[in-house]
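Since the structure comes first, as structure tokens, the remarks are kept for the end.
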Amino acid sequence: MTRVRVTAPRQSATATPGRFPYSREVTEDSDAGQVFIRSLIRSQLRLAVVVACGFLLILIAFALLLVFGPGVAETRILGIPLDWLLLGAGIYPVIGMCAWLYNRAAARNEARYRDLVEDK
């Protein structure tokens, strides 16, 4: 058996200037570039905190429903307690929806940043 080594040509790891329309402004470390980047970081942080708090509130609502909900512990679906179903299967669509909304909003923030820098 013969060993074959498959390689690709080496590529430069450094970013080429002008690759992105907004890279020159940001890499120049100008005051405007710093303001743009701080604004993007602030908006992404705000978004992350809002999504995390919203998800935490949903988890607390689930827990309160399970603890104080009348008859939730006694209710069974196909022999499985309802509280187990809610925690085991009901929370995953909520996680997926939070992740999808976060991803959409983060992409929108970055698009606004790109538009702002391109207009400069």
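Identifiers for the structure tokens are assigned positionally: chains receive A, B, ... in sequence, residues are indexed from 1 per chain, and ligands are indexed from 1 in the order shown.
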Next item on the list: Enumerate the residues of chain A with a DSSP assignment of alpha helix (DSSP H), computed from the backbone, and present them as a ChimeraX atom specification.
Entry: /A:23-27,31-68,82-85,91-119
Check: So how many Å separate atom CA of A:Ala52 and atom CA of A:Gly88, to one decimal?
Finding: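 Calculated distance between atom CA of A:Ala52 and atom CA of A:Gly88 is 20.0 Å.
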Item checked: Pick from A:Val4, A:Leu64, A:Val50, A:Leu86, whichever lies nearest to A:Cys98 using only C-alpha atoms ->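 The closest residue to A:Cys98 is A:Val50.
Here atom CA of A:Glu110 stands at a distance of 7.2 Å from atom CA of A:Leu40.
For the pair atom CA of A:Gly33 and atom CA of A:Ala105, the interatomic distance is 22.0 Å.
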Next item on the list: Excluding A:Ala106 and residues on its chain fewer than 5 positions from it, collect all residues at most 10 Å away from it, counting only C-alpha atoms, and give them as a count of residues only.
Entry: 10
Checklist line | Residue set, chain A restricted to strand (DSSP E or B), as a PyMOL selection string | finding: chain A and resi 76-77+80-81
Next item on the list: Measuring atom to atom with only C-alpha atoms, identify which of A:Val72, A:Val51, A:Ala61, A:Ala32 is nearest to A:Arg104.
Entry: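 For A:Arg104, the nearest of the candidates is A:Val51.
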